[in-house]
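What follows is a single structure, written as C-alpha cells, with notes after it.
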Amino acid sequence: MTERVRLSTFVLNTPFYNPVLLARDVASTDQFIDGRMELGLGAGYVKAEFDTAGIPFPSGGSRVEQLEQTVTTLRRLFEDTEYQPRPAQPSGPPLLIGGWGDRLLRLAAAHADIIALTGGWANTTGDVLQLAGAAQTEERVAYVRGLLGDRADAVELNLMVQQVIPPAERTAVPDRFEPLPPDAERGSEEPPSVLSGTPADMAQQIKERRERYGFTYFTVMEYNMENFAPVIAALR
C-alpha cells in the first residue's frame, strides 16, 4: 500500500467529456483513492485524437470555451455541500490546467491550483510541436506570474518534459517535434523542456529549471519513461 503517491490525469481533453458526468467520475475516483487525486485538464490540440474519438475538432477558441465551462461546472458542483458523490478532498481534487497560449493561460491563472506549461506550441492540427527556447519560456512564466498577482506563491508551476535524451541518442528527435536548432548540437542551451546527457546531468538540469523558472513539478511523457528512470535515482 502506498501512502504518498498521487493519481493525476495529465491531461484530459475536456471536449471529450460531459462536465456533469466528469464531476461524478472524478469525485468517485477521489473517494476510492482516499483523496489523492489530482485533476489535469486541457483544451485538446491534437486533431488526430479527436478524429480517433469520432468527435469534431472545433476551433481553438471553442475548445478553450469548453474547458472554461467544464472548470466552472466542476467547481460549482464540488463546492455544493449537497452534491453527491462527494470528493474526498474539500472542494474537489487540486486542478491542473495545461497549455501555452495567452487565452488558455488566462483561464488557468483564474482557476487552477497548478499551471502546466507544455514547453512549446503546436501547429494547427497538433501533429508537430515547436519547442520553446529559454527566453520564450521565461516570457511565458512571467506572463503567468503577472496574471496570478497575489496568487503567484500559492499556484504551483509544472513543466512538461518533452524529450529525455541520453548521450547515445543525442541527435535523435521524434517526428512530432521540429528539429532542435543546429546550435543545440554544439552544446548551447537546450530548450527547457528537453533534458539531455547522463542521469547526473539531467538531474542537475531539473534543479536549474527549478531555480531559474520556478518549476517545482515536472511531468515526463510516457515515451521517455525508460530514459528518465535513472534520473529519478540521481535526484534522490
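Starting from 1 in every chain, residues are counted up; chains themselves are A, B, ... following the order of the C-alpha cells, and ligands are numbered from 1 as listed.
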Neighbouring residues of stretch 94-108 of chain A were defined as those with any atom within 8 Å, considering only C-alpha atoms; residues of the same chain fewer than 2 positions away were excluded. Please report them as a PDB file with C-alpha atoms, in the first residue's frame.
ATOM      1  CA  VAL A  11      -4.364  15.863 -19.126  1.00  0.00           C
ATOM      2  CA  MET A  37      -6.378  12.537  -6.901  1.00  0.00           C
ATOM      3  CA  GLU A  38      -5.196  15.482  -8.962  1.00  0.00           C
ATOM      4  CA  LEU A  39      -7.312  16.547 -11.925  1.00  0.00           C
ATOM      5  CA  GLY A  40      -5.408  17.674 -15.015  1.00  0.00           C
ATOM      6  CA  LEU A  41      -7.425  19.298 -17.794  1.00  0.00           C
ATOM      7  CA  GLY A  42      -6.575  20.733 -21.187  1.00  0.00           C
ATOM      8  CA  ALA A  43      -8.387  22.109 -24.201  1.00  0.00           C
ATOM      9  CA  VAL A  64     -10.894  26.922 -24.573  1.00  0.00           C
ATOM     10  CA  GLU A  68     -13.809  27.015 -19.077  1.00  0.00           C
ATOM     11  CA  GLY A  92     -12.545  18.593  -5.051  1.00  0.00           C
ATOM     12  CA  ALA A 110      -8.107  32.362 -12.816  1.00  0.00           C
ATOM     13  CA  HIS A 111      -8.956  28.794 -11.792  1.00  0.00           C
ATOM     14  CA  ALA A 112      -6.013  26.386 -11.495  1.00  0.00           C
ATOM     15  CA  ASP A 113      -4.082  25.216  -8.457  1.00  0.00           C
ATOM     16  CA  ILE A 114      -1.297  24.033 -10.776  1.00  0.00           C
ATOM     17  CA  ILE A 115      -0.407  25.559 -14.144  1.00  0.00           C
ATOM     18  CA  ALA A 116       1.411  23.282 -16.572  1.00  0.00           C
ATOM     19  CA  LEU A 117       3.429  24.744 -19.418  1.00  0.00           C
ATOM     20  CA  THR A 118       3.684  22.436 -22.404  1.00  0.00           C
ATOM     21  CA  GLY A 119       7.166  23.616 -23.339  1.00  0.00           C
ATOM     22  CA  GLY A 120       6.201  24.770 -26.811  1.00  0.00           C
ATOM     23  CA  TRP A 121       3.398  25.410 -29.260  1.00  0.00           C
ATOM     24  CA  ARG A 140       5.540  32.598 -20.500  1.00  0.00           C
ATOM     25  CA  VAL A 144       1.584  33.672 -15.848  1.00  0.00           C
ATOM     26  CA  LEU A 147      -1.781  37.173 -14.262  1.00  0.00           C
TER      27      LEU A 147
END
Could you give me the residues within stretch 82-136 of chain A that DSSP places in strand (DSSP E), as a PyMOL selection string? chain A and resi 95-99+114-117+120-122+129-131
Just-selected residues, N, CA and C atoms written as an mmCIF file, in the first residue's frame:
data_model
loop_
_atom_site.group_PDB
_atom_site.id
_atom_site.type_symbol
_atom_site.label_atom_id
_atom_site.label_comp_id
_atom_site.auth_asym_id
_atom_site.auth_seq_id
_atom_site.Cartn_x
_atom_site.Cartn_y
_atom_site.Cartn_z
ATOM 1 N N LEU A 95 -6.702 21.248 -9.070
ATOM 2 C CA LEU A 95 -6.934 21.360 -10.506
ATOM 3 C C LEU A 95 -5.669 21.822 -11.215
ATOM 4 N N LEU A 96 -5.218 21.028 -12.166
ATOM 5 C CA LEU A 96 -4.095 21.376 -13.036
ATOM 6 C C LEU A 96 -4.653 21.702 -14.416
ATOM 7 N N ILE A 97 -4.223 22.812 -14.971
ATOM 8 C CA ILE A 97 -4.597 23.170 -16.340
ATOM 9 C C ILE A 97 -3.316 23.355 -17.141
ATOM 10 N N GLY A 98 -3.244 22.662 -18.282
ATOM 11 C CA GLY A 98 -2.040 22.717 -19.101
ATOM 12 C C GLY A 98 -2.260 23.489 -20.388
ATOM 13 N N GLY A 99 -1.237 24.223 -20.821
ATOM 14 C CA GLY A 99 -1.338 24.966 -22.069
ATOM 15 C C GLY A 99 -0.126 25.846 -22.296
ATOM 16 N N ILE A 114 -2.575 24.354 -10.139
ATOM 17 C CA ILE A 114 -1.297 24.033 -10.776
ATOM 18 C C ILE A 114 -1.408 24.438 -12.240
ATOM 19 N N ILE A 115 -0.422 25.168 -12.737
ATOM 20 C CA ILE A 115 -0.407 25.559 -14.144
ATOM 21 C C ILE A 115 0.747 24.835 -14.824
ATOM 22 N N ALA A 116 0.411 24.072 -15.857
ATOM 23 C CA ALA A 116 1.411 23.282 -16.572
ATOM 24 C C ALA A 116 1.726 23.936 -17.907
ATOM 25 N N LEU A 117 2.985 24.222 -18.129
ATOM 26 C CA LEU A 117 3.429 24.744 -19.418
ATOM 27 C C LEU A 117 3.892 23.579 -20.289
ATOM 28 N N GLY A 120 6.172 24.378 -25.411
ATOM 29 C CA GLY A 120 6.201 24.770 -26.811
ATOM 30 C C GLY A 120 4.797 24.921 -27.352
ATOM 31 N N TRP A 121 4.705 25.188 -28.645
ATOM 32 C CA TRP A 121 3.398 25.410 -29.260
ATOM 33 C C TRP A 121 3.269 24.516 -30.483
ATOM 34 N N ALA A 122 2.015 24.149 -30.785
ATOM 35 C CA ALA A 122 1.747 23.208 -31.866
ATOM 36 C C ALA A 122 1.275 23.928 -33.120
ATOM 37 N N LEU A 129 5.132 19.861 -32.888
ATOM 38 C CA LEU A 129 5.319 20.787 -31.774
ATOM 39 C C LEU A 129 6.650 21.498 -31.925
ATOM 40 N N GLN A 130 6.626 22.819 -31.851
ATOM 41 C CA GLN A 130 7.858 23.616 -31.852
ATOM 42 C C GLN A 130 8.266 23.860 -30.409
ATOM 43 N N LEU A 131 9.414 23.353 -30.019
ATOM 44 C CA LEU A 131 9.866 23.510 -28.641
ATOM 45 C C LEU A 131 10.319 24.942 -28.393
#
Hey, which bits of stretch 200-232 of chain A sit within 12 Å of stretch 149-155 of chain A, and for each residue what's the closest pair of atoms and how far apart in Å (one decimal), counting only C-alpha atoms, rows by chain and increasing number, as JSON lines?
{"residue": "A:Gly214", "atom": "CA", "partner": "A:Asp153", "partner_atom": "CA", "distance": 10.1}
{"residue": "A:Phe215", "atom": "CA", "partner": "A:Val155", "partner_atom": "CA", "distance": 10.6}
{"residue": "A:Thr216", "atom": "CA", "partner": "A:Val155", "partner_atom": "CA", "distance": 10.4}
{"residue": "A:Tyr217", "atom": "CA", "partner": "A:Val155", "partner_atom": "CA", "distance": 11.2}
Determine which residues of stretch 89-133 of chain A DSSP labels as alpha helix (DSSP H) from the backbone of this structure, then write them out as JSON, numbers by chain. {"A": [102, 103, 104, 105, 106, 107, 108, 109, 110, 111]}
May I ask which of the residues A:Gln136, A:Val141, A:Thr124, A:Val231 is the closest one to A:Ile165, counting only C-alpha atoms?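 For A:Ile165, the nearest of the candidates is A:Val231.
Nearest to A:Ala203 of all the residues A:Ile232, A:Val220, A:Val164, A:Leu77 is A:Ile232, counting only C-alpha atoms.
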Between atom CA of A:Arg86 and atom CA of A:Ser28 - distance in Å to one decimal: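 Rounded to one decimal, the two atoms are 7.4 Å apart.
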Would you mind listing what lies within 7 Å of A:Pro192 as a list in words, with only C-alpha atoms counted and same-chain residues fewer than 2 positions away left out? Gly133, Ala134, Glu190 and Val194 of chain A
Atom CA of A:Arg145 to atom CA of A:Lys207 measures 19.9 Å
